[in-house]
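Visitor: My file is structure_36.txt. It has compact mmCIF, C-alpha atoms:
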# COMPACT_ATOMS: atom_id res chain seq x y z
CA MET A 190 90.81 86.49 88.51
CA GLY A 191 91.83 84.80 91.74
CA HIS A 192 94.14 82.46 89.83
CA GLY A 193 96.27 85.48 88.88
CA GLY A 194 96.54 86.92 92.38
CA GLY A 195 99.71 85.21 93.59
CA GLY A 196 97.98 83.35 96.44
CA ALA A 197 96.75 79.81 97.01
CA MET A 198 94.75 79.69 93.77
CA SER A 199 97.81 80.72 91.74
CA ALA A 200 99.90 78.06 93.47
CA GLU A 201 97.30 75.39 92.73
CA LEU A 202 97.18 76.38 89.07
CA VAL A 203 100.96 76.09 88.72
CA GLU A 204 101.43 72.96 90.83
CA HIS A 205 98.47 70.92 89.61
CA LEU A 206 98.07 72.04 85.99
CA PHE A 207 101.21 73.60 84.51
CA LEU A 208 104.05 71.70 86.20
CA PRO A 209 102.59 68.22 85.50
CA ALA A 210 102.05 69.22 81.87
CA PHE A 211 105.47 70.80 81.36
CA GLN A 212 107.89 68.62 83.31
CA ASP A 213 109.02 65.02 83.65
CA PRO A 214 111.12 64.00 86.68
CA ALA A 215 114.40 64.47 84.77
CA ALA A 216 113.40 67.93 83.59
CA ALA A 217 112.29 68.91 87.08
CA THR A 218 115.71 67.93 88.43
CA GLU A 219 117.50 69.84 85.68
CA LEU A 220 115.43 73.01 86.07
CA GLY A 221 115.61 73.07 89.85
CA ASP A 222 113.22 75.39 91.70
CA ALA A 223 111.00 76.19 88.71
CA VAL A 224 108.31 77.74 90.89
CA GLY A 225 110.68 80.33 92.35
CA ASP A 226 111.39 83.82 91.06
CA ALA A 227 113.75 82.54 88.37
CA ALA A 228 115.15 79.26 87.10
CA VAL A 229 118.88 78.59 87.41
CA VAL A 230 120.26 76.55 84.51
CA ALA A 231 123.67 75.53 83.19
CA LEU A 232 124.54 77.03 79.80
CA GLY A 233 127.94 76.71 78.15
CA GLY A 234 129.66 76.15 81.47
CA ALA A 235 128.03 79.17 83.11
CA ARG A 236 125.21 79.32 85.65
CA VAL A 237 122.46 81.40 84.12
CA ALA A 238 119.31 82.77 85.76
CA PHE A 239 116.30 82.89 83.43
CA THR A 240 112.89 84.41 84.08
CA THR A 241 109.82 85.77 82.31
CA ASP A 242 106.92 87.88 83.50
CA SER A 243 103.83 89.56 82.07
CA PHE A 244 102.37 92.89 83.15
CA VAL A 245 98.69 93.78 82.86
CA VAL A 246 98.43 96.57 85.45
CA ARG A 247 95.39 98.84 85.30
CA PRO A 248 95.73 101.82 85.00
CA LEU A 249 98.86 102.03 82.87
CA PHE A 250 100.12 105.07 84.81
CA PHE A 251 99.96 105.40 88.59
CA PRO A 252 101.66 107.47 91.31
CA GLY A 253 105.33 106.57 91.26
CA GLY A 254 105.46 104.64 88.01
CA CYS A 255 103.82 103.00 85.03
CA ILE A 256 103.60 99.64 83.29
CA GLY A 257 106.87 100.35 81.48
CA ASP A 258 109.22 100.72 84.44
CA LEU A 259 107.22 98.10 86.33
CA ALA A 260 107.99 95.54 83.59
CA VAL A 261 111.73 96.16 83.79
CA ASN A 262 111.93 96.34 87.58
CA GLY A 263 109.81 93.24 88.12
CA THR A 264 111.96 91.13 85.80
CA VAL A 265 115.26 92.49 87.10
CA ASN A 266 114.12 91.76 90.64
CA ASP A 267 113.19 88.17 89.81
CA LEU A 268 116.75 87.60 88.59
CA ALA A 269 118.21 89.36 91.63
CA MET A 270 116.22 87.13 94.00
CA VAL A 271 118.38 84.14 93.06
CA GLY A 272 121.55 86.24 93.43
CA ALA A 273 122.11 86.78 89.69
CA THR A 274 123.47 89.87 88.00
CA PRO A 275 120.80 90.87 85.43
CA CYS A 276 122.30 91.34 81.95
CA TYR A 277 119.76 91.21 79.11
CA LEU A 278 116.03 91.71 78.66
CA ALA A 279 113.59 90.89 75.88
CA THR A 280 110.26 92.67 75.79
CA ALA A 281 107.01 92.02 73.92
CA PHE A 282 104.08 94.41 73.59
CA ILE A 283 100.49 93.30 73.06
CA LEU A 284 98.59 96.38 71.97
CA GLU A 285 94.88 97.03 71.62
CA GLU A 286 93.70 98.58 68.38
CA GLY A 287 92.98 102.27 68.98
CA THR A 288 95.66 102.85 71.61
CA GLU A 289 97.15 106.30 71.18
CA LEU A 290 100.73 106.28 69.94
CA ALA A 291 101.60 109.13 72.32
CA GLU A 292 100.51 107.00 75.27
CA LEU A 293 102.45 104.00 73.99
CA GLY A 294 105.46 106.26 73.52
CA ARG A 295 105.36 107.26 77.19
CA VAL A 296 105.32 103.60 78.19
CA ALA A 297 108.23 102.76 75.86
CA GLU A 298 110.30 105.69 77.12
CA ALA A 299 109.70 104.71 80.75
CA LEU A 300 110.68 101.12 79.96
CA GLY A 301 113.92 102.19 78.29
CA ALA A 302 114.80 104.60 81.09
CA ALA A 303 114.19 101.91 83.72
CA ALA A 304 116.50 99.51 81.88
CA ARG A 305 119.27 102.10 81.88
CA VAL A 306 118.82 102.73 85.61
CA ALA A 307 118.96 98.98 86.32
CA GLY A 308 122.04 98.53 84.13
CA VAL A 309 120.49 95.97 81.77
CA ARG A 310 120.27 95.96 77.97
CA LEU A 311 117.08 95.54 75.95
CA VAL A 312 118.25 93.34 73.08
CA THR A 313 115.15 91.85 71.37
CA GLY A 314 111.39 91.99 71.39
CA ASP A 315 108.07 91.60 69.60
CA THR A 316 104.87 93.52 68.93
CA LYS A 317 101.34 92.20 68.39
CA VAL A 318 98.06 94.10 67.93
CA VAL A 319 94.64 92.72 68.93
CA ASP A 320 91.18 93.96 67.92
CA ALA A 321 89.59 96.84 69.82
CA GLY A 322 87.76 95.49 72.84
CA HIS A 323 90.03 92.42 73.11
CA GLY A 324 92.76 93.97 75.25
CA ASP A 325 93.32 96.84 77.63
CA ARG A 326 95.51 99.22 75.60
CA VAL A 327 98.92 97.79 76.54
CA TYR A 328 100.16 94.50 77.96
CA VAL A 329 103.90 93.89 78.34
CA ASN A 330 105.87 90.66 78.61
CA THR A 331 109.51 90.83 79.69
CA THR A 332 112.08 88.03 79.76
CA GLY A 333 115.42 88.35 81.53
CA LEU A 334 118.81 86.65 81.57
CA GLY A 335 121.43 87.03 84.27
CA LEU A 336 124.70 85.46 85.35
CA LEU A 337 125.03 83.78 88.72
CA PRO A 338 128.34 84.23 90.59
CA ASP A 339 130.18 81.13 91.77
CA GLY A 340 129.27 80.03 95.27
CA VAL A 341 125.90 81.79 95.40
CA ASP A 342 123.08 79.40 96.31
CA ILE A 343 119.84 81.16 97.22
CA SER A 344 116.51 79.36 97.43
CA PRO A 345 113.51 79.00 99.79
CA GLY A 346 114.64 75.50 100.73
CA ARG A 347 117.85 76.80 102.34
CA ALA A 348 116.08 78.64 105.17
CA SER A 349 117.19 77.10 108.49
CA PRO A 350 116.01 77.22 112.12
CA LYS A 351 117.09 80.39 113.98
CA ASP A 352 117.65 82.30 110.71
CA VAL A 353 116.57 85.94 110.85
CA VAL A 354 113.94 87.30 108.46
CA LEU A 355 114.64 90.79 107.08
CA VAL A 356 112.46 93.06 104.96
CA SER A 357 114.02 95.90 102.97
CA GLY A 358 111.44 98.60 103.69
CA GLU A 359 107.84 99.69 104.21
CA ILE A 360 105.31 97.31 102.69
CA GLY A 361 102.09 97.80 100.75
CA ALA A 362 102.78 101.06 98.92
CA HIS A 363 102.50 99.72 95.37
CA GLY A 364 99.13 98.06 95.79
CA ILE A 365 97.61 101.07 97.54
CA ALA A 366 99.05 103.48 94.95
CA VAL A 367 97.46 101.53 92.09
CA LEU A 368 94.17 101.15 93.96
CA SER A 369 93.95 104.85 94.82
CA CYS A 370 94.52 105.83 91.20
CA ARG A 371 92.13 103.19 89.85
CA GLU A 372 89.27 104.03 92.18
CA GLY A 373 89.89 107.79 92.48
CA LEU A 374 90.63 107.56 96.20
CA GLU A 375 92.39 110.41 97.96
CA PHE A 376 94.32 110.18 101.21
CA SER A 377 95.89 112.89 103.34
CA THR A 378 99.30 111.93 101.91
CA GLU A 379 99.81 110.65 98.37
CA VAL A 380 100.86 107.00 98.33
CA ARG A 381 103.42 106.34 95.62
CA SER A 382 104.45 102.96 94.27
CA ASP A 383 107.74 101.57 95.57
CA THR A 384 108.69 100.14 92.16
CA ALA A 385 112.49 99.96 91.88
CA PRO A 386 115.26 97.63 90.65
CA LEU A 387 116.77 95.73 93.56
CA ASN A 388 119.85 94.25 91.89
CA GLY A 389 122.09 96.95 93.39
CA LEU A 390 120.79 96.28 96.89
CA VAL A 391 121.24 92.52 96.48
CA ALA A 392 124.78 93.01 95.18
CA ALA A 393 125.63 95.08 98.27
CA MET A 394 124.18 92.37 100.51
CA LEU A 395 126.19 89.65 98.77
CA ASP A 396 129.36 91.76 99.04
CA THR A 397 129.19 91.42 102.83
CA GLY A 398 130.20 87.78 102.40
CA ALA A 399 127.14 86.64 104.35
CA ASP A 400 125.66 83.27 103.46
CA ILE A 401 122.26 84.58 102.38
CA HIS A 402 119.90 81.62 102.38
CA THR A 403 116.75 83.01 100.77
CA LEU A 404 115.63 86.10 98.86
CA ARG A 405 112.11 86.80 97.59
CA ASP A 406 110.31 89.93 96.40
CA PRO A 407 106.81 90.15 97.91
CA THR A 408 104.81 91.16 94.82
CA ARG A 409 101.37 89.61 94.22
CA GLY A 410 100.02 88.28 97.51
CA GLY A 411 102.32 90.62 99.41
CA LEU A 412 104.44 89.76 102.43
CA ALA A 413 101.90 87.14 103.55
CA ALA A 414 102.27 85.07 100.38
CA THR A 415 106.06 85.37 100.36
CA LEU A 416 106.54 84.29 103.97
CA ASN A 417 104.20 81.34 103.47
CA GLU A 418 106.07 80.27 100.33
CA ILE A 419 109.36 80.36 102.23
CA ALA A 420 107.93 78.43 105.19
CA ARG A 421 106.45 75.76 102.95
CA GLY A 422 109.56 75.52 100.78
CA ALA A 423 111.79 75.03 103.83
CA ARG A 424 109.21 72.89 105.72
CA LEU A 425 109.78 75.12 108.74
CA GLY A 426 107.83 77.78 110.61
CA ILE A 427 108.28 81.54 110.59
CA ALA A 428 107.55 83.67 113.65
CA VAL A 429 106.98 87.37 112.92
CA THR A 430 106.66 90.34 115.28
CA GLU A 431 103.82 92.34 113.73
CA ARG A 432 104.96 95.71 115.10
CA ALA A 433 108.45 95.18 113.64
CA VAL A 434 107.09 95.13 110.08
CA PRO A 435 107.49 98.65 108.61
CA VAL A 436 104.26 100.10 107.19
CA ALA A 437 103.95 103.75 106.12
CA PRO A 438 101.24 105.61 108.09
CA ALA A 439 99.37 106.51 104.88
CA VAL A 440 99.32 102.85 103.80
CA ALA A 441 98.22 101.71 107.27
CA ASP A 442 95.42 104.30 107.29
CA ALA A 443 94.26 103.32 103.80
CA CYS A 444 94.20 99.64 104.72
CA SER A 445 92.26 100.40 107.90
CA ILE A 446 89.64 102.42 105.98
CA LEU A 447 89.30 99.83 103.21
CA GLY A 448 89.46 96.73 105.40
CA LEU A 449 92.68 95.46 103.83
CA ASP A 450 95.63 93.69 105.44
CA PRO A 451 98.99 95.37 104.65
CA PHE A 452 100.61 91.93 104.75
CA ALA A 453 98.58 90.92 101.68
CA ILE A 454 99.17 94.07 99.59
CA ALA A 455 101.57 93.92 96.64
CA ASN A 456 105.02 95.51 96.58
CA GLU A 457 107.31 96.12 93.60
CA GLY A 458 110.48 97.44 95.22
CA ARG A 459 110.88 95.37 98.38
CA LEU A 460 112.63 92.12 99.23
CA VAL A 461 112.54 89.57 102.01
CA ALA A 462 115.86 88.03 103.05
CA VAL A 463 116.48 85.02 105.27
CA VAL A 464 120.00 85.03 106.71
CA PRO A 465 121.88 83.22 109.49
CA ALA A 466 121.58 84.96 112.84
CA ALA A 467 125.35 85.54 112.93
CA ASP A 468 125.16 87.55 109.68
CA ALA A 469 121.91 89.42 110.33
CA ASP A 470 123.32 92.62 111.86
CA ARG A 471 125.89 93.30 109.14
CA VAL A 472 123.45 92.50 106.33
CA LEU A 473 120.85 94.78 107.91
CA ALA A 474 123.40 97.58 108.27
CA VAL A 475 124.34 97.34 104.59
CA MET A 476 120.68 97.32 103.59
CA ARG A 477 119.98 100.47 105.61
CA ALA A 478 122.96 102.20 104.00
CA HIS A 479 121.51 101.60 100.53
CA PRO A 480 118.80 103.93 99.09
CA ASP A 481 116.51 100.97 98.39
CA GLY A 482 116.86 99.55 101.90
CA ARG A 483 117.02 102.54 104.25
CA ASP A 484 113.89 101.40 106.14
CA ALA A 485 115.00 97.77 106.37
CA ALA A 486 114.04 95.87 109.50
CA ALA A 487 114.40 92.49 111.16
CA ILE A 488 110.86 91.18 111.47
CA GLY A 489 111.12 87.60 112.70
CA THR A 490 112.88 84.26 112.81
CA VAL A 491 112.68 80.82 111.25
CA THR A 492 111.57 78.17 113.74
CA GLU A 493 111.15 74.42 113.95
CA ASP A 494 107.67 74.94 115.36
CA ASN A 495 104.55 75.19 113.20
CA ALA A 496 106.20 73.78 110.08
CA GLY A 497 104.87 75.36 106.90
CA MET A 498 103.08 78.14 108.80
CA VAL A 499 103.63 81.82 109.51
CA VAL A 500 102.62 83.07 112.96
CA ALA A 501 102.68 86.73 114.00
CA ARG A 502 102.80 88.16 117.49
CA THR A 503 100.36 91.05 117.54
CA GLY A 504 100.74 94.41 119.24
CA LEU A 505 98.34 93.24 121.96
CA GLY A 506 100.55 90.31 122.89
CA GLY A 507 98.48 87.63 121.19
CA THR A 508 99.26 85.63 118.07
CA ARG A 509 97.61 85.18 114.72
CA VAL A 510 98.27 82.88 111.80
CA ILE A 511 99.17 84.70 108.59
CA ASP A 512 97.59 82.57 105.91
CA LEU A 513 98.49 82.36 102.26
CA PRO A 514 95.90 84.59 100.54
CA ILE A 515 93.32 82.60 98.57
CA GLY A 516 93.10 84.89 95.55
CA SER A 517 93.84 88.58 95.28
CA GLU A 518 92.42 91.50 97.21
CA LEU A 519 93.61 93.80 94.41
CA PRO A 520 93.65 92.15 90.96
CA ARG A 521 95.75 93.48 88.09
CA ILE A 522 98.27 95.45 90.11
CA CYS A 523 101.32 94.24 88.16
The structure given in the file should be rewritten as structure tokens.

Guide:
Amino acid sequence: MGHGGGGAMSAELVEHLFLPAFQDPAAATELGDAVGDAAVVALGGARVAFTTDSFVVRPLFFPGGCIGDLAVNGTVNDLAMVGATPCYLATAFILEEGTELAELGRVAEALGAAARVAGVRLVTGDTKVVDAGHGDRVYVNTTGLGLLPDGVDISPGRASPKDVVLVSGEIGAHGIAVLSCREGLEFSTEVRSDTAPLNGLVAAMLDTGADIHTLRDPTRGGLAATLNEIARGARLGIAVTERAVPVAPAVADACSILGLDPFAIANEGRLVAVVPAADADRVLAVMRAHPDGRDAAAIGTVTEDNAGMVVARTGLGGTRVIDLPIGSELPRIC
């Protein structure tokens, strides 16, 4: 299960098993950053972003969303994280024998509604059924295509010293929402998933004219995994002010009770942006003016120190290293 958690074990699986099997040096050069959120390829003279994702969340329905809208939002966001405008989606359902058609209908309706909200078209798909006991009611795979505007070049490797690190809102809500529903936990305030399409927010950020260096959505592995991936991709350090990272009180309380680190909890409607210091204020202002970025905050900077590491200054004035999670504190949350 740890290999599916988005942390160090996932990275090892991709880097040491899949990439050597799939790519030769020429293919690696052509595909570019294949281990990012989406691949950017040339097709008929256009730059196209291409991504695929599978969703196995348990339970299927949780506060704030379900596997249907999660599948659309997750795929749309992967395209948006390279600066692309999402255009088309394909979706495939793997269904367990005995699943109620009414339940499947709710998932399908949520998926279609999410596509309309995100402004993408569902144009093809597939359905398979497996024997009872060989699935978990519904699994969804979604593949997305988007067009990349001229001049947009967004990747972890472009992060530069003195860049400012921004996060679009409070972290950890999705993972805690799924966990609370799965385990029957109740908190003083209901925690709802943050699942949302971020292509509108990214478009507003790009419209500022800022040279956005890096965008990532901190899903599996949370903010900790994302910041580490950026630091390692850029071969630079990232210094974070822990108190600057927005965390909802209910999420902070839940993590404190359960012994979890909010930095390692999954999100499905948040992004991390790395931008030049000169552009940070105007990008942050635009983010805060958008419904999906109203709690955006500047949380740190890129540094030449501690290359490949993320270091946080704590509320007590000390520092701690934010490691890449090994596996997953909360499996099957997306």

Visitor: Quick one: of A:Ala478, A:Ala321, A:Ala235, A:Ala501, who's nearest to Pro338 in chain A, counting only C-alpha atoms?

Guide: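 Among the listed residues, the smallest separation from Pro338 in chain A belongs to A:Ala235.
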
Visitor: Using all atoms listed in the file, determine which residues lie at most 12 Å from Ser382 in chain A, disregarding the query and same-chain residues fewer than 3 positions distant; provide the list as number ranges by chain.

Guide: A: 250-256, 258-259, 359-370, 379, 385, 408, 437, 440, 454-459, 522-523

Visitor: Dump C-alpha atoms for the selected residues as a PDB file, in the frame of the given file?

Guide:
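Result saved to result_1.pdb:
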ATOM      1  CA  PHE A 250     100.120 105.070  84.810  1.00  0.00           C
ATOM      2  CA  PHE A 251      99.960 105.400  88.590  1.00  0.00           C
ATOM      3  CA  PRO A 252     101.660 107.470  91.310  1.00  0.00           C
ATOM      4  CA  GLY A 253     105.330 106.570  91.260  1.00  0.00           C
ATOM      5  CA  GLY A 254     105.460 104.640  88.010  1.00  0.00           C
ATOM      6  CA  CYS A 255     103.820 103.000  85.030  1.00  0.00           C
ATOM      7  CA  ILE A 256     103.600  99.640  83.290  1.00  0.00           C
ATOM      8  CA  ASP A 258     109.220 100.720  84.440  1.00  0.00           C
ATOM      9  CA  LEU A 259     107.220  98.100  86.330  1.00  0.00           C
ATOM     10  CA  GLU A 359     107.840  99.690 104.210  1.00  0.00           C
ATOM     11  CA  ILE A 360     105.310  97.310 102.690  1.00  0.00           C
ATOM     12  CA  GLY A 361     102.090  97.800 100.750  1.00  0.00           C
ATOM     13  CA  ALA A 362     102.780 101.060  98.920  1.00  0.00           C
ATOM     14  CA  HIS A 363     102.500  99.720  95.370  1.00  0.00           C
ATOM     15  CA  GLY A 364      99.130  98.060  95.790  1.00  0.00           C
ATOM     16  CA  ILE A 365      97.610 101.070  97.540  1.00  0.00           C
ATOM     17  CA  ALA A 366      99.050 103.480  94.950  1.00  0.00           C
ATOM     18  CA  VAL A 367      97.460 101.530  92.090  1.00  0.00           C
ATOM     19  CA  LEU A 368      94.170 101.150  93.960  1.00  0.00           C
ATOM     20  CA  SER A 369      93.950 104.850  94.820  1.00  0.00           C
ATOM     21  CA  CYS A 370      94.520 105.830  91.200  1.00  0.00           C
ATOM     22  CA  GLU A 379      99.810 110.650  98.370  1.00  0.00           C
ATOM     23  CA  ALA A 385     112.490  99.960  91.880  1.00  0.00           C
ATOM     24  CA  THR A 408     104.810  91.160  94.820  1.00  0.00           C
ATOM     25  CA  ALA A 437     103.950 103.750 106.120  1.00  0.00           C
ATOM     26  CA  VAL A 440      99.320 102.850 103.800  1.00  0.00           C
ATOM     27  CA  ILE A 454      99.170  94.070  99.590  1.00  0.00           C
ATOM     28  CA  ALA A 455     101.570  93.920  96.640  1.00  0.00           C
ATOM     29  CA  ASN A 456     105.020  95.510  96.580  1.00  0.00           C
ATOM     30  CA  GLU A 457     107.310  96.120  93.600  1.00  0.00           C
ATOM     31  CA  GLY A 458     110.480  97.440  95.220  1.00  0.00           C
ATOM     32  CA  ARG A 459     110.880  95.370  98.380  1.00  0.00           C
ATOM     33  CA  ILE A 522      98.270  95.450  90.110  1.00  0.00           C
ATOM     34  CA  CYS A 523     101.320  94.240  88.160  1.00  0.00           C
TER      35      CYS A 523
END

Visitor: Using all atoms listed in the file - which residues lie no farther than 12 Å from the point (100.0, 91.1, 102.2) in the file's frame? Write them as an NGL selection string.

Guide: :A and (194-196 or 359-365 or 406-417 or 434 or 436 or 440-441 or 444 or 449-456 or 511-519)

Visitor: Show me, as a PDB file with C-alpha atoms, in the frame of the given file, the residues that have an atom within 7 Å of range 465-473 of chain A when counting all atoms listed in the file, minus same-chain residues fewer than 2 positions from it.

Guide:
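Listed below is the output, selection_31.pdb:
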ATOM      1  CA  LYS A 351     117.090  80.390 113.980  1.00  0.00           C
ATOM      2  CA  ASP A 352     117.650  82.300 110.710  1.00  0.00           C
ATOM      3  CA  VAL A 353     116.570  85.940 110.850  1.00  0.00           C
ATOM      4  CA  MET A 394     124.180  92.370 100.510  1.00  0.00           C
ATOM      5  CA  THR A 397     129.190  91.420 102.830  1.00  0.00           C
ATOM      6  CA  ALA A 399     127.140  86.640 104.350  1.00  0.00           C
ATOM      7  CA  VAL A 475     124.340  97.340 104.590  1.00  0.00           C
ATOM      8  CA  MET A 476     120.680  97.320 103.590  1.00  0.00           C
ATOM      9  CA  ARG A 477     119.980 100.470 105.610  1.00  0.00           C
ATOM     10  CA  ALA A 485     115.000  97.770 106.370  1.00  0.00           C
TER      11      ALA A 485
END

Visitor: Near Val464 in chain A, counting all atoms listed in the file, which residues have an atom at most 8 Å away, once you skip same-chain residues fewer than 6 positions from it, shown as a list in words?

Guide: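 In the requested format, the answer is Ala348, Asp352, Val353, Val354, Leu355, Ala399, Asp400, Ile401, His402 and Thr403 of chain A.
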
Visitor: Which of these residues is nearest to His479 in chain A, using all atoms listed in the file: A:Arg405, A:Ala392, A:Asn266, A:Ala279?

Guide: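 The closest residue to His479 in chain A is A:Ala392.
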
Visitor: Which of these residues is nearest to Arg305 in chain A, using only C-alpha atoms: A:Gly234, A:Gly426, A:Pro386, A:Gly398?

Guide: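 Answer, going by the shortest atom-to-atom distance: A:Pro386.
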
Visitor: Could you check which of A:Gly233, A:Pro248, A:Pro438, A:Pro275 is closest to Leu334 in chain A, using all atoms listed in the file?

Guide: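 Using all atoms listed in the file, Leu334 in chain A sits closest to A:Pro275.
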
Visitor: Given all atoms listed in the file as the basis, pick out the residue of A:Ala227, A:Val329, A:Val510, A:Val319 nearest to Gly287 in chain A.

Guide: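 Smallest distance to Gly287 in chain A is found for A:Val319.
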
Visitor: What does the distance from CA of Val327 in chain A to CA of Phe282 in chain A come to in Å, to one decimal?

Guide: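 Rounded to one decimal, the two atoms are 6.8 Å apart.
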
Visitor: Do a neighbour search on Val309 in chain A at 12 Å with only C-alpha atoms, toss out local chain neighbours closer than 3 positions, and write the hits as a ChimeraX atom specification.

Guide: /A:261-262,264-266,268,274-279,300-306,312,332-336,386,388-389

Visitor: Deliver the residues from the most recent selection as a file, using C-alpha atoms, as a PDB file, keeping the file's coordinate frame.

Guide:
ATOM      1  CA  VAL A 261     111.730  96.160  83.790  1.00  0.00           C
ATOM      2  CA  ASN A 262     111.930  96.340  87.580  1.00  0.00           C
ATOM      3  CA  THR A 264     111.960  91.130  85.800  1.00  0.00           C
ATOM      4  CA  VAL A 265     115.260  92.490  87.100  1.00  0.00           C
ATOM      5  CA  ASN A 266     114.120  91.760  90.640  1.00  0.00           C
ATOM      6  CA  LEU A 268     116.750  87.600  88.590  1.00  0.00           C
ATOM      7  CA  THR A 274     123.470  89.870  88.000  1.00  0.00           C
ATOM      8  CA  PRO A 275     120.800  90.870  85.430  1.00  0.00           C
ATOM      9  CA  CYS A 276     122.300  91.340  81.950  1.00  0.00           C
ATOM     10  CA  TYR A 277     119.760  91.210  79.110  1.00  0.00           C
ATOM     11  CA  LEU A 278     116.030  91.710  78.660  1.00  0.00           C
ATOM     12  CA  ALA A 279     113.590  90.890  75.880  1.00  0.00           C
ATOM     13  CA  LEU A 300     110.680 101.120  79.960  1.00  0.00           C
ATOM     14  CA  GLY A 301     113.920 102.190  78.290  1.00  0.00           C
ATOM     15  CA  ALA A 302     114.800 104.600  81.090  1.00  0.00           C
ATOM     16  CA  ALA A 303     114.190 101.910  83.720  1.00  0.00           C
ATOM     17  CA  ALA A 304     116.500  99.510  81.880  1.00  0.00           C
ATOM     18  CA  ARG A 305     119.270 102.100  81.880  1.00  0.00           C
ATOM     19  CA  VAL A 306     118.820 102.730  85.610  1.00  0.00           C
ATOM     20  CA  VAL A 312     118.250  93.340  73.080  1.00  0.00           C
ATOM     21  CA  THR A 332     112.080  88.030  79.760  1.00  0.00           C
ATOM     22  CA  GLY A 333     115.420  88.350  81.530  1.00  0.00           C
ATOM     23  CA  LEU A 334     118.810  86.650  81.570  1.00  0.00           C
ATOM     24  CA  GLY A 335     121.430  87.030  84.270  1.00  0.00           C
ATOM     25  CA  LEU A 336     124.700  85.460  85.350  1.00  0.00           C
ATOM     26  CA  PRO A 386     115.260  97.630  90.650  1.00  0.00           C
ATOM     27  CA  ASN A 388     119.850  94.250  91.890  1.00  0.00           C
ATOM     28  CA  GLY A 389     122.090  96.950  93.390  1.00  0.00           C
TER      29      GLY A 389
END

Visitor: Counting only C-alpha atoms, write as a PyMOL selection string all protein and nucleic acid residues lying at most 10 Å from (120.6, 76.6, 84.1) in the file's frame.

Guide: chain A and resi 219-221+228-239+336-337

Visitor: Could the residues in this selection be saved with C-alpha atoms as a PDB file, keeping the file's coordinate frame?

Guide:
ATOM      1  CA  GLU A 219     117.500  69.840  85.680  1.00  0.00           C
ATOM      2  CA  LEU A 220     115.430  73.010  86.070  1.00  0.00           C
ATOM      3  CA  GLY A 221     115.610  73.070  89.850  1.00  0.00           C
ATOM      4  CA  ALA A 228     115.150  79.260  87.100  1.00  0.00           C
ATOM      5  CA  VAL A 229     118.880  78.590  87.410  1.00  0.00           C
ATOM      6  CA  VAL A 230     120.260  76.550  84.510  1.00  0.00           C
ATOM      7  CA  ALA A 231     123.670  75.530  83.190  1.00  0.00           C
ATOM      8  CA  LEU A 232     124.540  77.030  79.800  1.00  0.00           C
ATOM      9  CA  GLY A 233     127.940  76.710  78.150  1.00  0.00           C
ATOM     10  CA  GLY A 234     129.660  76.150  81.470  1.00  0.00           C
ATOM     11  CA  ALA A 235     128.030  79.170  83.110  1.00  0.00           C
ATOM     12  CA  ARG A 236     125.210  79.320  85.650  1.00  0.00           C
ATOM     13  CA  VAL A 237     122.460  81.400  84.120  1.00  0.00           C
ATOM     14  CA  ALA A 238     119.310  82.770  85.760  1.00  0.00           C
ATOM     15  CA  PHE A 239     116.300  82.890  83.430  1.00  0.00           C
ATOM     16  CA  LEU A 336     124.700  85.460  85.350  1.00  0.00           C
ATOM     17  CA  LEU A 337     125.030  83.780  88.720  1.00  0.00           C
TER      18      LEU A 337
END

Visitor: Please measure the separation of CA of Thr508 in chain A and CA of Val429 in chain A, giving the value in Å to one decimal.

Guide: 9.4 Å

Visitor: Taking all atoms listed in the file into account, name the residue in A:Gly272, A:Gly257, A:Gly358, A:Gly263 that is nearest to Ile488 in chain A.

Guide: A:Gly358

Visitor: Hey, can you check how far CA of Asp494 in chain A sits from CA of Ala200 in chain A?

Guide: 23.4 Å

Visitor: Which residues are close to Arg326 in chain A, i.e. within 10 Å by only C-alpha atoms, leaving aside same-chain residues fewer than 3 positions away? Reply as a PyMOL selection string.

Guide: chain A and resi 245+247-249+283-289+292-293+318-319+321-323

Visitor: Could those residues be written to a file, using C-alpha atoms, as a compact mmCIF listing (two decimals), keeping the file's coordinate frame?

Guide:
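The new file selection-v6.txt reads:
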# COMPACT_ATOMS: atom_id res chain seq x y z
CA VAL A 245 98.69 93.78 82.86
CA ARG A 247 95.39 98.84 85.30
CA PRO A 248 95.73 101.82 85.00
CA LEU A 249 98.86 102.03 82.87
CA ILE A 283 100.49 93.30 73.06
CA LEU A 284 98.59 96.38 71.97
CA GLU A 285 94.88 97.03 71.62
CA GLU A 286 93.70 98.58 68.38
CA GLY A 287 92.98 102.27 68.98
CA THR A 288 95.66 102.85 71.61
CA GLU A 289 97.15 106.30 71.18
CA GLU A 292 100.51 107.00 75.27
CA LEU A 293 102.45 104.00 73.99
CA VAL A 318 98.06 94.10 67.93
CA VAL A 319 94.64 92.72 68.93
CA ALA A 321 89.59 96.84 69.82
CA GLY A 322 87.76 95.49 72.84
CA HIS A 323 90.03 92.42 73.11
